[in-house]
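To be precise, the following lines are query.txt, and they hold compact mmCIF, C-alpha atoms.
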```txt
# COMPACT_ATOMS: atom_id res chain seq x y z
CA MET A 1 -6.32 23.52 4.00
CA SER A 2 -5.48 20.68 6.41
CA ASP A 3 -8.14 18.35 7.71
CA PRO A 4 -8.85 18.63 11.46
CA ILE A 5 -7.06 16.36 13.90
CA ARG A 6 -9.30 13.58 15.20
CA PRO A 7 -8.82 11.43 18.31
CA GLY A 8 -6.62 8.41 17.61
CA PRO A 9 -8.06 4.89 17.47
CA THR A 10 -7.57 2.35 20.23
CA GLY A 11 -4.27 0.53 19.97
CA ARG A 12 -0.77 1.32 18.80
CA VAL A 13 -0.32 2.56 15.25
CA VAL A 14 2.85 2.77 13.17
CA MET A 15 3.40 4.01 9.62
CA VAL A 16 6.11 2.18 7.71
CA VAL A 17 7.96 4.57 5.38
CA PRO A 18 10.41 2.92 2.94
CA THR A 19 13.22 5.13 1.66
CA TYR A 20 15.87 5.12 -1.01
CA ASP A 21 17.55 8.45 -1.81
CA GLU A 22 14.93 10.61 -0.09
CA VAL A 23 17.31 12.93 1.75
CA GLU A 24 15.40 15.98 0.50
CA ASN A 25 12.03 14.73 1.70
CA LEU A 26 12.36 12.53 4.77
CA ALA A 27 12.61 15.10 7.58
CA TRP A 28 9.86 17.14 5.92
CA ILE A 29 7.36 14.27 5.63
CA VAL A 30 8.14 12.73 9.04
CA GLY A 31 7.76 16.15 10.67
CA ARG A 32 4.36 16.62 9.03
CA LEU A 33 3.24 13.19 10.15
CA ARG A 34 4.33 13.62 13.75
CA ARG A 35 2.75 17.10 13.95
CA SER A 36 -0.57 16.02 12.47
CA ARG A 37 -0.72 12.63 14.27
CA PRO A 38 1.49 12.65 17.37
CA ASP A 39 -0.27 9.43 18.44
CA VAL A 40 1.12 7.56 15.40
CA ASP A 41 4.69 6.24 15.36
CA VAL A 42 6.97 6.09 12.32
CA LEU A 43 9.24 3.28 11.16
CA VAL A 44 11.65 4.35 8.43
CA VAL A 45 13.01 1.42 6.40
CA ASP A 46 16.07 2.61 4.51
CA ASP A 47 17.72 0.51 1.80
CA ASP A 48 21.25 1.82 2.34
CA SER A 49 20.58 5.08 0.49
CA PRO A 50 23.84 6.48 -0.93
CA ASP A 51 22.59 10.08 -0.51
CA GLY A 52 22.60 9.96 3.31
CA THR A 53 18.88 9.35 3.90
CA GLY A 54 19.76 6.77 6.54
CA ASP A 55 21.74 9.35 8.52
CA VAL A 56 18.78 11.74 8.43
CA ALA A 57 16.54 8.92 9.67
CA ASP A 58 18.91 8.20 12.55
CA ALA A 59 18.93 11.88 13.54
CA LEU A 60 15.13 11.97 13.52
CA ALA A 61 14.97 8.85 15.69
CA ALA A 62 17.51 10.27 18.14
CA ALA A 63 15.36 13.38 18.58
CA ASP A 64 11.95 11.69 18.72
CA PRO A 65 11.13 8.41 20.51
CA GLY A 66 8.15 7.98 18.16
CA VAL A 67 10.49 7.50 15.21
CA GLN A 68 12.39 4.25 14.58
CA VAL A 69 14.77 3.20 11.82
CA LEU A 70 15.42 -0.15 10.16
CA HIS A 71 18.56 -0.19 8.01
CA ARG A 72 18.74 -2.74 5.20
CA THR A 73 21.83 -3.57 3.16
CA GLY A 74 21.34 -2.71 -0.49
CA LYS A 75 18.33 -1.77 -2.58
CA GLY A 76 16.02 -4.77 -2.29
CA GLY A 77 12.80 -3.34 -3.69
CA LEU A 78 9.67 -1.76 -2.27
CA GLY A 79 7.93 -5.01 -1.39
CA ALA A 80 10.93 -6.40 0.44
CA ALA A 81 11.28 -3.16 2.40
CA TYR A 82 7.64 -3.24 3.45
CA LEU A 83 7.84 -6.90 4.46
CA ALA A 84 10.85 -6.15 6.65
CA GLY A 85 8.99 -3.21 8.17
CA PHE A 86 5.88 -5.29 8.78
CA ASP A 87 7.93 -7.97 10.53
CA ARG A 88 9.52 -5.36 12.79
CA ALA A 89 6.18 -3.69 13.54
CA LEU A 90 4.40 -6.95 14.35
CA ALA A 91 7.27 -8.07 16.58
CA ALA A 92 7.00 -4.74 18.43
CA GLY A 93 3.33 -5.37 19.15
CA TYR A 94 1.66 -2.71 17.01
CA ASP A 95 -2.10 -3.14 16.50
CA VAL A 96 -2.29 -1.20 13.23
CA VAL A 97 0.45 -1.10 10.60
CA GLY A 98 0.32 1.45 7.81
CA GLU A 99 2.19 2.34 4.64
CA MET A 100 3.04 5.68 3.11
CA ASP A 101 5.60 7.12 0.72
CA ALA A 102 8.38 9.46 1.81
CA ASP A 103 8.03 11.82 -1.14
CA GLY A 104 4.98 13.79 0.04
CA SER A 105 2.50 12.20 -2.36
CA HIS A 106 0.56 10.85 0.63
CA GLN A 107 -0.55 13.67 2.90
CA PRO A 108 -0.24 12.87 6.61
CA GLU A 109 -2.93 15.46 7.32
CA GLN A 110 -5.41 13.07 5.67
CA LEU A 111 -4.36 10.00 7.63
CA HIS A 112 -7.34 10.40 9.98
CA ARG A 113 -9.63 9.44 7.08
CA LEU A 114 -8.03 6.01 6.96
CA LEU A 115 -7.98 5.63 10.74
CA ASP A 116 -11.66 6.54 11.03
CA ALA A 117 -12.59 4.04 8.32
CA LEU A 118 -10.52 1.24 9.88
CA HIS A 119 -12.46 1.50 13.13
CA GLY A 120 -15.82 2.49 11.66
CA ALA A 121 -15.68 5.94 13.25
CA ASP A 122 -16.86 7.48 9.97
CA GLY A 123 -20.18 5.66 10.14
CA GLY A 124 -19.16 2.81 7.85
CA PRO A 125 -18.28 -0.77 8.79
CA PRO A 126 -14.89 -1.46 10.41
CA ALA A 127 -12.30 -2.83 8.01
CA ASP A 128 -9.24 -5.07 7.96
CA LEU A 129 -7.53 -3.01 5.24
CA VAL A 130 -8.19 0.63 4.39
CA ILE A 131 -6.79 2.11 1.19
CA GLY A 132 -6.38 5.82 0.55
CA SER A 133 -7.77 5.88 -2.96
CA ARG A 134 -7.28 8.27 -5.86
CA TRP A 135 -10.03 6.74 -7.95
CA VAL A 136 -13.12 6.71 -5.71
CA PRO A 137 -15.51 9.70 -5.62
CA GLY A 138 -13.78 12.55 -3.81
CA GLY A 139 -10.28 11.30 -4.58
CA SER A 140 -7.90 13.23 -6.80
CA VAL A 141 -4.40 13.51 -8.20
CA GLN A 142 -2.43 16.72 -8.46
CA ASN A 143 0.30 17.59 -10.96
CA TRP A 144 0.04 14.38 -12.95
CA PRO A 145 0.19 14.41 -16.75
CA ARG A 146 -2.94 13.04 -18.39
CA ARG A 147 -1.00 10.06 -19.75
CA ARG A 148 0.03 8.90 -16.28
CA GLU A 149 -3.51 9.24 -14.94
CA LEU A 150 -4.88 7.18 -17.82
CA LEU A 151 -2.18 4.55 -17.25
CA SER A 152 -3.04 4.26 -13.55
CA ARG A 153 -6.77 4.06 -14.18
CA ALA A 154 -6.28 1.45 -16.91
CA GLY A 155 -3.95 -0.60 -14.72
CA ASN A 156 -6.45 -0.69 -11.88
CA ARG A 157 -9.25 -1.61 -14.30
CA TYR A 158 -7.08 -4.48 -15.54
CA VAL A 159 -6.62 -5.67 -11.95
CA ARG A 160 -10.37 -5.60 -11.31
CA LEU A 161 -11.19 -7.53 -14.47
CA LEU A 162 -8.44 -10.12 -14.25
CA LEU A 163 -8.42 -10.79 -10.50
CA GLY A 164 -12.13 -10.19 -9.89
CA VAL A 165 -11.64 -7.70 -7.07
CA GLY A 166 -13.82 -4.63 -6.61
CA ILE A 167 -11.03 -2.34 -5.43
CA ARG A 168 -10.80 0.88 -7.42
CA ASP A 169 -7.17 1.65 -6.48
CA ALA A 170 -5.41 -1.64 -5.76
CA THR A 171 -2.04 -0.13 -6.66
CA ALA A 172 -2.24 2.63 -4.02
CA GLY A 173 0.43 2.79 -1.33
CA PHE A 174 -1.32 4.84 1.37
CA ARG A 175 -3.03 2.21 3.52
CA LEU A 176 -3.64 0.73 6.97
CA TYR A 177 -3.76 -2.94 7.96
CA ARG A 178 -5.08 -4.45 11.15
CA ARG A 179 -2.48 -6.62 12.81
CA GLU A 180 -4.75 -9.66 12.50
CA ALA A 181 -5.07 -9.12 8.75
CA LEU A 182 -1.32 -9.12 8.17
CA GLU A 183 -0.94 -12.24 10.32
CA ALA A 184 -3.56 -14.01 8.18
CA LEU A 185 -1.95 -13.27 4.81
CA GLY A 186 1.04 -15.58 4.85
CA LEU A 187 3.57 -12.80 4.44
CA GLU A 188 6.40 -15.33 4.36
CA THR A 189 5.07 -16.51 0.97
CA VAL A 190 5.05 -13.05 -0.66
CA ARG A 191 7.61 -12.80 -3.47
CA SER A 192 6.64 -9.44 -4.97
CA THR A 193 9.50 -6.98 -4.71
CA GLY A 194 8.34 -3.98 -6.75
CA TYR A 195 5.22 -1.85 -6.83
CA VAL A 196 3.11 -4.93 -7.64
CA PHE A 197 3.45 -5.70 -3.93
CA GLN A 198 0.51 -3.38 -3.26
CA THR A 199 -1.78 -5.30 -5.62
CA ASP A 200 -0.50 -8.62 -4.28
CA LEU A 201 -1.44 -7.82 -0.68
CA ALA A 202 -4.78 -6.26 -1.57
CA TRP A 203 -5.71 -9.40 -3.50
CA ARG A 204 -4.61 -11.59 -0.60
CA VAL A 205 -6.85 -9.62 1.77
CA VAL A 206 -9.85 -10.06 -0.53
CA SER A 207 -9.08 -13.75 -1.09
CA ALA A 208 -8.94 -14.28 2.68
CA GLY A 209 -12.51 -12.97 2.98
CA LEU A 210 -11.44 -9.89 4.92
CA VAL A 211 -13.00 -6.43 4.67
CA VAL A 212 -11.43 -3.78 2.44
CA ARG A 213 -12.57 -0.17 2.39
CA GLU A 214 -11.39 2.71 0.24
CA VAL A 215 -11.48 6.35 1.31
CA PRO A 216 -10.73 9.33 -0.94
CA ILE A 217 -7.39 11.09 -0.71
CA ASP A 218 -5.73 13.91 -2.61
CA PHE A 219 -2.56 12.43 -4.11
CA VAL A 220 0.15 15.01 -4.78
CA GLU A 221 2.99 14.28 -7.20
CA ARG A 222 6.47 14.68 -5.70
CA VAL A 223 8.21 18.01 -6.18
CA ARG A 224 11.68 16.99 -4.94
CA GLY A 225 13.80 14.00 -5.86
CA GLU A 226 13.26 11.39 -8.56
CA SER A 227 10.42 8.91 -8.90
CA LYS A 228 11.34 5.23 -8.50
CA MET A 229 8.67 4.17 -11.02
CA SER A 230 10.10 2.89 -14.30
CA GLY A 231 9.10 0.89 -17.35
CA ARG A 232 10.73 -2.21 -15.86
CA VAL A 233 8.69 -1.86 -12.68
CA ALA A 234 5.47 -1.43 -14.67
CA LEU A 235 6.32 -4.50 -16.78
CA GLU A 236 6.91 -6.59 -13.65
CA SER A 237 3.48 -5.59 -12.37
CA LEU A 238 1.79 -6.46 -15.66
CA VAL A 239 3.45 -9.86 -15.93
CA ARG A 240 2.75 -10.88 -12.34
CA ILE A 241 -0.87 -9.71 -12.33
CA THR A 242 -1.51 -11.53 -15.60
CA GLY A 243 -0.04 -14.72 -14.16
CA TRP A 244 -2.15 -14.46 -11.00
CA GLY A 245 -5.27 -13.80 -13.05
CA LEU A 246 -4.72 -16.79 -15.34
CA ARG A 247 -4.10 -19.09 -12.38
CA GLU A 248 -7.26 -17.81 -10.69
CA ARG A 249 -9.31 -18.41 -13.81
CA ARG A 250 -7.96 -21.97 -14.09
CA ARG A 251 -8.76 -22.58 -10.44
CA LEU A 252 -12.33 -21.38 -10.84
CA ALA A 253 -12.77 -23.23 -14.11
CA GLY A 254 -11.67 -26.57 -12.61
CA PRO A 255 -14.92 -27.37 -10.72
CA ARG A 256 -17.00 -26.35 -13.75
CA VAL A 257 -15.02 -28.64 -16.04
CA ARG A 258 -15.36 -31.53 -13.60
CA ARG A 259 -19.12 -31.01 -13.40
CA VAL A 260 -19.42 -31.01 -17.20
CA LEU A 261 -17.35 -34.16 -17.50
CA ALA A 262 -19.38 -35.88 -14.78
CA GLY A 263 -22.61 -34.91 -16.53
CA SER A 264 -21.30 -36.21 -19.82
CA ARG A 265 -20.41 -39.58 -18.30
CA GLY A 266 -23.77 -39.80 -16.58
CA SER A 267 -25.70 -39.29 -19.81
CA ARG A 268 -24.08 -42.26 -21.52
```

Can you give me the file's structure in the form of structure tokens?
Amino acid sequence: MSDPIRPGPTGRVVMVVPTYDEVENLAWIVGRLRRSRPDVDVLVVDDDSPDGTGDVADALAAADPGVQVLHRTGKGGLGAAYLAGFDRALAAGYDVVGEMDADGSHQPEQLHRLLDALHGADGGPPADLVIGSRWVPGGSVQNWPRRRELLSRAGNRYVRLLLGVGIRDATAGFRLYRREALEALGLETVRSTGYVFQTDLAWRVVSAGLVVREVPIDFVERVRGESKMSGRVALESLVRITGWGLRERRRLAGPRVRRVLAGSRGSR
């Protein structure tokens, strides 16, 4: 059963949808989004999909002024696609910039949960970043094997322990950013290209002292097309997160070491 449509928040909202070989899913997911949230625009960022996804995106944009397309040359990775989409959205003056997958795993009918949380319409505090989370109370995954669920939970636990962030689902890709938050993050310095991009930006938001909220969503595994997740992508995430965590620990340890050394000199 779909959640009820709620009034849209103040300001212009766009969902950035990166695509690579999603010809079977794109029209379906964009149609669902525009029907459930006609007040939210869509920016498709296609990485020169060989299956014709870009042509489908162009047809959608020609039929609906709320749909835009950004064509990129070659497959540059999820993070690079999102950064290009963010740049386009910020230049166009959007107040809220969101992310969602094209494969149907993120349900547009639940987008209002994120919008309400961003503006505090759900009774909680307003936020700078809202994450649609699988791993907070009320969240769920559908059609995942137990092994993949355990891997995702363990990966997010690793992020919390190593980076010291309290986010339960830092790897999630269904999220909303306030414009001001993205402008504060130094996007030009982001080098993450794969799925680790999600963790990278969440950590940057926390490090900047901004407010992050998580709301429960029902994540549904894709039924058409092939997943872009691979062992190489998972390894990239592990290596990068470990490097960030070690650097953060050294940074925090520096003042403590200096205080110990100063105390040692003073006791002589």

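Of the listed residues (A:Val69, A:Val211, A:Val141, A:Val40), A:Val40 comes nearest to Asp95 of chain A; the distances count all atoms listed in the file.
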
If we count all atoms listed in the file and set the cut-off at 10 Å, which residues sit around Phe86 of chain A, ignoring sequence neighbours fewer than 3 positions away in its own chain? Please answer as a count of residues only. 21

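Here atom CA of Gly31 of chain A and atom CA of Gly54 of chain A stand 15.8 Å from one another.
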
Within 8 Å of Asp48 of chain A using all atoms listed in the file, minus same-chain residues under 3 positions, as a ChimeraX atom specification: /A:20,54,71-75

Please write as a PyMOL selection string the list of polymer residues whose atoms come within 10 Å of (10.3, -9.8, -6.3), counting all atoms listed in the file and keeping to the coordinates of the file. chain A and resi 76-80+190-197+236+240

Could you write those residues out with C-alpha atoms, as a short mmCIF file (atom, residue, chain, number, x, y, z; two decimals), keeping the file's coordinate frame?
```
data_model
loop_
_atom_site.label_atom_id
_atom_site.label_comp_id
_atom_site.auth_asym_id
_atom_site.auth_seq_id
_atom_site.Cartn_x
_atom_site.Cartn_y
_atom_site.Cartn_z
CA GLY A 76 16.02 -4.77 -2.29
CA GLY A 77 12.80 -3.34 -3.69
CA LEU A 78 9.67 -1.76 -2.27
CA GLY A 79 7.93 -5.01 -1.39
CA ALA A 80 10.93 -6.40 0.44
CA VAL A 190 5.05 -13.05 -0.66
CA ARG A 191 7.61 -12.80 -3.47
CA SER A 192 6.64 -9.44 -4.97
CA THR A 193 9.50 -6.98 -4.71
CA GLY A 194 8.34 -3.98 -6.75
CA TYR A 195 5.22 -1.85 -6.83
CA VAL A 196 3.11 -4.93 -7.64
CA PHE A 197 3.45 -5.70 -3.93
CA GLU A 236 6.91 -6.59 -13.65
CA ARG A 240 2.75 -10.88 -12.34
#
```

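Comparing A:Leu201, A:Thr53, A:Gly11, A:Gly173 by their smallest distance to Glu24 of chain A, the closest is A:Thr53 (using only C-alpha atoms).
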